[in-house]
Each structure stands twice: as structure tokens, then as C-alpha cells.
$ cat target06.cif   # mmCIF, C-alpha atoms
data_model
loop_
_atom_site.label_atom_id
_atom_site.label_comp_id
_atom_site.auth_asym_id
_atom_site.auth_seq_id
_atom_site.Cartn_x
_atom_site.Cartn_y
_atom_site.Cartn_z
CA MET O 828 -124.47 -143.65 104.68
CA LEU O 829 -122.76 -146.62 106.26
CA GLN O 830 -124.65 -149.09 104.01
CA ASN O 831 -122.16 -150.89 101.74
CA GLU O 832 -119.28 -149.74 103.96
CA LEU O 833 -119.94 -151.13 107.41
CA PHE O 834 -122.87 -153.35 106.43
CA THR O 835 -124.86 -154.33 103.35
CA PHE O 836 -128.59 -154.93 103.09
CA THR O 837 -129.34 -157.98 100.98
CA GLU O 838 -132.66 -159.40 99.82
CA VAL O 839 -134.60 -156.23 100.60
CA LEU O 840 -138.32 -156.99 100.55
CA GLY O 841 -140.68 -154.05 100.76
CA GLU O 842 -144.44 -153.88 100.73
CA GLN O 843 -147.08 -151.39 101.88
CA GLY O 844 -146.16 -150.86 105.51
CA ALA O 845 -143.31 -153.27 106.03
CA ILE O 846 -139.73 -153.79 104.92
CA LYS O 847 -137.47 -156.75 105.54
CA ALA O 848 -133.84 -157.22 104.71
CA ASN O 849 -130.85 -159.32 105.63
CA ILE O 850 -127.76 -157.57 106.94
CA LYS O 851 -124.22 -158.65 106.21
CA PHE O 852 -121.39 -156.99 108.14
CA HIS O 853 -117.99 -155.90 106.89
CA PRO O 854 -115.74 -156.71 109.86
CA ALA O 855 -112.79 -154.82 108.30
CA HIS O 856 -114.60 -151.45 108.67
CA PRO O 857 -112.54 -148.98 110.80
CA ILE O 858 -115.42 -148.47 113.27
CA PHE O 859 -114.77 -152.00 114.55
CA THR O 860 -111.14 -151.02 115.22
CA GLY O 861 -112.31 -148.46 117.78
CA HIS O 862 -115.35 -150.28 119.16
CA PHE O 863 -113.64 -151.84 120.92
CA PRO O 864 -109.87 -152.11 120.35
CA GLY O 865 -109.12 -155.82 119.90
CA HIS O 866 -112.73 -156.69 120.67
CA PRO O 867 -115.06 -155.80 117.75
CA VAL O 868 -118.70 -155.25 118.73
CA LEU O 869 -121.33 -153.49 116.64
CA PRO O 870 -122.03 -150.14 118.33
CA GLY O 871 -125.67 -150.02 119.45
CA VAL O 872 -126.15 -146.64 117.78
CA ILE O 873 -125.34 -148.25 114.42
CA MET O 874 -128.48 -150.35 114.83
CA VAL O 875 -130.44 -147.07 114.95
CA GLU O 876 -128.54 -145.93 111.85
CA MET O 877 -129.50 -149.16 110.04
CA VAL O 878 -133.20 -148.50 110.73
CA LYS O 879 -132.85 -145.01 109.24
CA GLU O 880 -130.88 -146.11 106.19
CA LEU O 881 -133.27 -148.97 105.34
CA LEU O 882 -136.23 -146.58 105.75
CA GLU O 883 -134.57 -144.09 103.39
CA ILE O 884 -133.88 -146.79 100.78
CA HIS O 885 -137.53 -147.84 100.95
CA ILE O 886 -139.17 -144.41 100.77
CA LYS O 887 -136.40 -142.96 98.53
CA LYS O 888 -136.20 -139.82 100.68
CA GLN O 889 -133.77 -138.47 103.25
CA THR O 890 -135.12 -138.52 106.77
CA ARG O 891 -134.34 -137.32 110.23
CA LEU O 892 -135.02 -139.14 113.49
CA VAL O 893 -137.10 -136.78 115.62
CA THR O 894 -138.12 -138.84 118.63
CA ALA O 895 -137.74 -142.39 119.90
CA SER O 896 -139.86 -143.34 122.87
CA ASP O 897 -138.27 -146.73 123.38
CA ILE O 898 -135.12 -148.40 122.08
CA LYS O 899 -133.95 -151.71 123.54
CA PHE O 900 -130.57 -153.31 122.91
CA LEU O 901 -131.21 -156.91 123.88
CA SER O 902 -128.03 -158.59 122.75
CA VAL O 903 -124.53 -157.67 121.68
CA ILE O 904 -123.86 -158.14 117.95
CA ILE O 905 -120.39 -159.41 117.07
CA PRO O 906 -119.64 -159.05 113.35
CA GLU O 907 -117.58 -162.26 113.19
CA LYS O 908 -120.21 -164.26 115.06
CA ASN O 909 -123.61 -162.87 114.03
CA LYS O 910 -122.86 -163.35 110.32
CA LEU O 911 -126.34 -162.76 109.03
CA ILE O 912 -129.06 -160.91 110.85
CA GLN O 913 -132.48 -159.76 109.74
CA ILE O 914 -134.01 -156.31 110.03
CA VAL O 915 -137.76 -155.77 110.00
CA LEU O 916 -139.44 -152.35 109.82
CA LYS O 917 -143.15 -151.60 110.21
CA ILE O 918 -143.98 -148.15 108.88
CA ASN O 919 -147.00 -145.98 109.42
CA PHE O 920 -147.37 -142.51 107.89
CA ILE O 921 -149.33 -139.98 109.95
CA ASP O 922 -149.35 -136.45 108.50
CA ASP O 923 -145.65 -135.56 108.11
CA MET O 924 -144.54 -138.17 110.63
CA ILE O 925 -143.17 -141.57 109.74
CA ASN O 926 -143.78 -143.91 112.67
CA VAL O 927 -141.38 -146.82 112.65
CA ASN O 928 -141.34 -149.99 114.72
CA ALA O 929 -138.22 -151.99 114.03
CA GLN O 930 -136.47 -155.14 115.15
CA LEU O 931 -133.18 -156.87 114.49
CA LEU O 932 -133.29 -160.64 114.63
CA ASP O 933 -130.81 -163.49 114.54
CA SER O 934 -133.15 -166.19 113.16
CA THR O 935 -135.92 -165.93 115.76
CA VAL O 936 -134.00 -164.22 118.57
CA SER O 937 -134.71 -160.51 118.95
CA LEU O 938 -131.51 -158.48 119.33
CA PHE O 939 -132.87 -154.95 119.13
CA LYS O 940 -136.25 -153.22 119.30
CA PHE O 941 -136.95 -149.68 118.21
CA LYS O 942 -139.98 -147.41 118.36
CA GLY O 943 -139.52 -143.94 116.89
CA ILE O 944 -140.71 -141.17 114.63
CA PHE O 945 -138.87 -139.89 111.56
CA LYS O 946 -139.63 -136.89 109.40
CA GLN O 947 -138.60 -136.20 105.87
CA LYS O 948 -135.39 -134.17 105.91
CA LEU O 949 -135.98 -130.79 104.32
CA ARG O 950 -133.21 -128.64 102.99
CA ASN O 951 -131.83 -126.27 105.63
CA ASN O 952 -134.44 -127.23 108.19
CA LEU O 953 -131.69 -128.12 110.62
CA LYS O 954 -130.49 -124.79 111.88
CA MET H 785 -110.84 -129.18 131.87
CA LEU H 786 -110.11 -132.54 133.49
CA VAL H 787 -109.03 -134.60 130.47
CA SER H 788 -107.70 -133.21 127.19
CA PRO H 789 -108.43 -134.67 123.72
CA GLN H 790 -104.94 -136.21 123.69
CA ASN H 791 -105.70 -138.17 126.85
CA ILE H 792 -109.39 -138.92 126.39
CA PHE H 793 -108.65 -142.61 125.73
CA SER H 794 -107.42 -142.90 129.30
CA VAL H 795 -111.04 -142.60 130.52
CA ILE H 796 -113.09 -144.29 127.75
CA PRO H 797 -112.73 -147.84 126.39
CA GLN H 798 -113.44 -146.81 122.79
CA GLY H 799 -110.62 -146.18 120.32
CA ARG H 800 -110.09 -144.26 117.09
CA PRO H 801 -111.93 -143.64 114.85
CA PHE H 802 -114.96 -144.31 117.01
CA VAL H 803 -114.55 -141.42 119.44
CA MET H 804 -117.48 -139.05 119.91
CA ILE H 805 -116.11 -136.81 122.70
CA ASP H 806 -113.01 -134.57 122.77
CA LYS H 807 -112.64 -133.14 126.26
CA LEU H 808 -113.86 -134.10 129.69
CA VAL H 809 -114.74 -130.71 131.17
CA THR H 810 -116.13 -131.54 134.61
CA CYS H 811 -117.09 -134.69 136.46
CA ASP H 812 -118.35 -135.66 139.89
CA ASP H 813 -120.39 -138.53 141.37
CA ILE H 814 -123.53 -137.36 139.59
CA LYS H 815 -122.75 -135.07 136.68
CA THR H 816 -120.34 -135.24 133.72
CA VAL H 817 -119.76 -132.60 131.03
CA THR H 818 -117.86 -133.11 127.75
CA THR H 819 -117.35 -131.19 124.53
CA LEU H 820 -116.94 -132.34 120.94
CA LEU H 821 -115.89 -130.41 117.85
CA ILE H 822 -117.75 -131.82 114.84
CA THR H 823 -115.23 -132.57 112.10
CA MET H 824 -115.53 -133.82 108.54
CA GLU H 825 -113.39 -136.85 109.48
CA ASN H 826 -115.86 -138.01 112.13
CA VAL H 827 -117.11 -141.48 111.07
CA LEU H 828 -120.67 -140.55 112.06
CA VAL H 829 -120.81 -137.30 110.10
CA CYS H 830 -123.06 -137.46 107.06
CA ASP H 831 -123.78 -134.56 104.67
CA GLY H 832 -121.92 -132.12 106.90
CA GLN H 833 -123.82 -132.97 110.07
CA LEU H 834 -123.29 -135.32 112.98
CA SER H 835 -125.88 -138.08 112.54
CA GLU H 836 -128.51 -139.07 115.08
CA ALA H 837 -126.36 -142.13 115.84
CA GLY H 838 -123.45 -139.77 116.50
CA ILE H 839 -125.48 -137.64 118.92
CA ILE H 840 -126.62 -140.71 120.85
CA GLU H 841 -123.07 -142.10 120.96
CA ASN H 842 -121.84 -138.72 122.20
CA ILE H 843 -124.23 -138.99 125.18
CA ALA H 844 -123.16 -142.62 125.79
CA GLN H 845 -119.44 -141.77 125.65
CA THR H 846 -119.99 -138.81 127.98
CA ALA H 847 -121.48 -141.25 130.49
CA ALA H 848 -118.53 -143.60 129.84
CA ALA H 849 -116.01 -140.80 130.41
CA GLY H 850 -117.66 -139.91 133.73
CA ALA H 851 -117.63 -143.53 134.87
CA GLY H 852 -114.06 -143.97 133.59
CA TYR H 853 -112.80 -140.83 135.32
CA MET H 854 -114.39 -141.79 138.62
CA ALA H 855 -113.01 -145.35 138.34
CA LYS H 856 -109.54 -143.99 137.63
CA SER H 857 -109.76 -141.56 140.56
CA ASN H 858 -110.69 -144.48 142.81
CA GLY H 859 -107.93 -146.67 141.40
CA VAL H 860 -110.43 -149.12 139.88
CA GLN H 861 -110.13 -150.59 136.37
CA ILE H 862 -112.24 -148.97 133.62
CA THR H 863 -115.09 -151.21 132.49
CA ILE H 864 -116.78 -151.42 129.09
CA GLY H 865 -120.33 -150.11 129.10
CA TYR H 866 -123.10 -151.22 126.76
CA ILE H 867 -126.26 -149.24 126.08
CA GLY H 868 -129.15 -151.40 127.29
CA ALA H 869 -132.03 -149.06 126.53
CA ILE H 870 -132.87 -145.54 125.47
CA LYS H 871 -136.09 -143.82 126.41
CA ASN H 872 -137.70 -140.52 125.47
CA LEU H 873 -135.08 -139.58 122.91
CA GLU H 874 -135.74 -136.19 121.33
CA ILE H 875 -133.55 -134.78 118.59
CA ILE H 876 -134.38 -131.16 117.93
CA ALA H 877 -131.50 -130.42 115.54
CA LEU H 878 -128.20 -131.90 114.39
CA PRO H 879 -124.88 -130.05 114.75
CA ASN H 880 -122.92 -129.01 111.68
CA VAL H 881 -119.26 -129.56 110.92
CA GLY H 882 -117.37 -126.80 112.78
CA ASP H 883 -119.83 -126.67 115.69
CA ILE H 884 -118.76 -127.52 119.23
CA ILE H 885 -121.35 -129.42 121.21
CA ASN H 886 -121.56 -129.49 125.02
CA THR H 887 -122.99 -132.60 126.58
CA GLU H 888 -124.16 -133.09 130.14
CA VAL H 889 -125.02 -136.45 131.59
CA ALA H 890 -126.48 -136.92 135.07
CA ILE H 891 -126.79 -140.25 136.86
CA THR H 892 -130.38 -140.80 138.04
CA SER H 893 -129.81 -144.25 139.52
CA LYS H 894 -127.08 -146.82 139.88
CA ILE H 895 -127.80 -150.34 141.06
CA PHE H 896 -124.96 -152.87 140.77
CA ASP H 897 -123.83 -152.81 137.12
CA VAL H 898 -126.88 -150.93 135.79
CA THR H 899 -126.68 -147.16 135.58
CA VAL H 900 -129.54 -144.95 134.42
CA VAL H 901 -128.57 -141.52 133.15
CA SER H 902 -130.26 -138.54 131.59
CA GLY H 903 -128.31 -136.79 128.87
CA MET H 904 -128.61 -133.47 127.11
CA VAL H 905 -126.65 -132.06 124.17
CA GLU H 906 -126.38 -128.30 123.63
CA CYS H 907 -124.83 -126.13 120.97
CA LYS H 908 -124.64 -122.34 121.01
CA GLY H 909 -127.12 -122.21 123.89
CA LEU H 910 -129.71 -124.36 122.13
CA VAL H 911 -130.73 -127.85 123.20
CA LEU H 912 -130.08 -130.25 120.32
CA ALA H 913 -131.03 -133.54 121.90
CA LYS H 914 -131.95 -135.30 125.11
CA CYS H 915 -132.72 -138.81 126.29
CA GLU H 916 -132.62 -141.26 129.15
CA MET H 917 -130.19 -144.15 128.85
CA LYS H 918 -129.72 -147.42 130.69
CA ILE H 919 -126.11 -148.59 130.61
CA PHE H 920 -124.75 -152.03 131.58
CA SER H 921 -121.13 -152.23 132.57
CA LYS H 922 -119.10 -155.41 132.12
#

$ encode --input "target06.cif" --output "C-alpha cells"
Amino acid sequence: MLQNELFTFTEVLGEQGAIKANIKFHPAHPIFTGHFPGHPVLPGVIMVEMVKELLEIHIKKQTRLVTASDIKFLSVIIPEKNKLIQIVLKINFIDDMINVNAQLLDSTVSLFKFKGIFKQKLRNNLK
Amino acid sequence: MLVSPQNIFSVIPQGRPFVMIDKLVTCDDIKTVTTLLITMENVLVCDGQLSEAGIIENIAQTAAAGAGYMAKSNGVQITIGYIGAIKNLEIIALPNVGDIINTEVAITSKIFDVTVVSGMVECKGLVLAKCEMKIFSK
């Protein structure tokens, strides 16, 4: 989990099929030292990780990303500049699949869009 | 092997600890192959496995290493690449600490600063993940 180390979710609001939270970054995290040296930018893949971690907090279960048909990285996120961003998840359970549509926003500007399917992580189901 | 783990930073713009490839195995105009040993110290390892984010970054850095190696061979400066989009990502399984993953990225199109690649990650002869990725270089 990178939550509380690289970023922190604040004001998490969850209801039936939707979750919202604010995200605060921790610019001193070592990942920013390597991505990129002297030029900290949030790695795009961490945005995918944030979707997964917020989903897990909401459903209180470990999950695994199985497929993602479409992920769009619309803007670079700089921890020192984008001080507070919002994450919004829309969740739909179909059999054992958890369909998630997610977005990251800086006020009204969309930074990231995600469409994917998670499954509950079972013990030893991964090889 | 074209580039060893000690020299991998000569072909990718990322730095420690955010490095998701070890060796550049082969590389030409189209195809790039890298390997990565999954270690406990990896910042994207969680519960003994490389995370989904780690797998995706491994594909992205394989593409970066290919572009970086070709740039270096042509005497051009290495550029920073950003993932613009990912399509049709499938993650069949995640590798465990101790596993070595082999990753192959092939360029499907390249127009100005936009490169589209298809990537595949294998471990012990099994496909772990695949996707298409659009990368912007700056």
C-alpha cells in the first residue's frame, strides 16, 4: 500500500456505487527521487494504484486488477503543484467482477480516466 | 545482453528507486526485450508480489529503454517519455519475489513524438500481462 506513504486519501465519501476522496501527496517520498531525478512527476501507474487502493478501502477486501480496456493519462501531476486532487470511482458489481470507472480531477479538469475490472484477491490464486 | 543492470540508467531517464527493469537484452528499430528480477526492495512490490502498477511500469520502462538505446546509438539525447494511454490491458498473474520476468515491447506505430507499442510480460514461459500503450516523448 502506498496510501499514507506516497499519498493520503482525505475526506473519503462512499455510497452505494460511488466513492470520492481528496488526495494529498507526500513530495518527500523516494519514488519522486527516481521519477524523475531533479524533476518530480507522479508516475502514471501510481494513478492506477490509487484507484485500486481506494477501491480496497471502500469494499474492505484485497483486489486484483484483471483487465483495463481504456486508461487515459490526460495531464502530468506534479506533487508540488497539484497540491490537492480529487478521485472519483463508480463501482458496479457483476458476478465476481468489480467494474470500475474512475477519474482524477484538479477542481473540474480531468487528469486521468480509467475503465477496468477488478476481482477479489483470493489466497494463492496467483500462481 | 546490451545493457547491464549497472548501466541501465544510461538508457532510461528514471532513477532509483523507481527502476522496473534490470537488463536490456535485445533491441532494434521495432522490438525491445528486458528482464527484471522481482526483489523485496522494489518500491512497487506488495505482499511479496510485483503490483499491477509495477507490471505496467515494467512495460513502459522497457519501451523507454528501447527508445533510449536507439537514441544513444544514433548520438541523440535521451528524452523523457510519458504514458498517454493504455488499452486492452490484461493481467493474468503477478510475479512473486524471486521471479525473473521477461518483457517484450514492439513498436506498432511512431508518428512524430507519439509512439504506440504493444507489450507482453512473461515469466517461466507463461504470459503474465499484455497491453497496448501510447507514449509521448518530450

$ atom_distance --input "target06.cif" --atom1 "atom CA of Leu912 of chain H" --atom2 "atom CA of Lys942 of chain O"
19.9 Å

$ atom_distance --input "target06.cif" --atom1 "atom CA of Lys871 of chain H" --atom2 "atom CA of Ile898 of chain O"
6.4 Å

$ atom_distance --input "target06.cif" --atom1 "atom CA of Ala848 of chain H" --atom2 "atom CA of Leu938 of chain O"
22.4 Å

$ resolve_selection --input "target06.cif" --expression "the PyMOL selection byres ((chain O and resi 866) around 12)" --output "PyMOL selection string"
(chain O and resi 854+858-865+867-870+903-907) or (chain H and resi 797-799+864)

$ closest_residue --input "target06.cif" --among "O:Ile912, O:Lys887, O:Lys899, O:Val878" --to "Val927 of chain O" --atoms "all atoms listed in the file"
O:Val878

$ resolve_selection --input "target06.cif" --expression "the PyMOL selection byres ((chain H and resi 911) around 12)" --output "PyMOL selection string"
(chain O and resi 954) or (chain H and resi 839+874-879+885-888+903-910+912-915)

$ residues_near_point --input "target06.cif" --point "(-112.2, -131.6, 130.9)" --cutoff "12 Å" --atoms "only C-alpha atoms" --output "MDAnalysis selection string"
chainID H and resid 785:792 795 805:812 816:820 846 849:850 853 886:887

$ resolve_selection --input "target06.cif" --expression "the PyMOL selection byres ((chain O and resi 833-849) around 12)" --output "PyMOL selection string"
(chain O and resi 828-832+850-860+869-870+873-874+876-886+906+909-920+925-934) or (chain H and resi 827-828)

$ residues_around --input "target06.cif" --residues "Ile895 of chain H" --least-positions-apart "4" --cutoff "12 Å" --atoms "all atoms listed in the file" --output "VMD selection string"
chain H and resid 891 899 to 901 918 to 921

$ residues_around --input "target06.cif" --residues "Glu825 of chain H" --least-positions-apart "3" --cutoff "12 Å" --atoms "all atoms listed in the file" --output "number ranges by chain"
H: 800-804, 821-822, 828-834, 881-882

$ closest_residue --input "target06.cif" --among "H:Glu836, H:Lys894, H:Ser902, H:Asp813" --to "Asn858 of chain H" --atoms "only C-alpha atoms"
H:Asp813

$ closest_residue --input "target06.cif" --among "O:Leu949, O:Ala895, O:Ile921, O:Ile944" --to "chain H" --atoms "all atoms listed in the file"
O:Ala895

$ closest_residue --input "target06.cif" --among "H:Gly865, H:Ala855, H:Ile814, H:Val860" --to "chain O" --atoms "only C-alpha atoms"
H:Gly865

$ closest_residue --input "target06.cif" --among "H:Met917, H:Ala837, H:Ala890, H:Val898" --to "chain O" --atoms "only C-alpha atoms"
H:Ala837

$ closest_residue --input "target06.cif" --among "H:Ile884, H:Ala851, H:Ile840, H:Met824" --to "Ala869 of chain H" --atoms "all atoms listed in the file"
H:Ile840
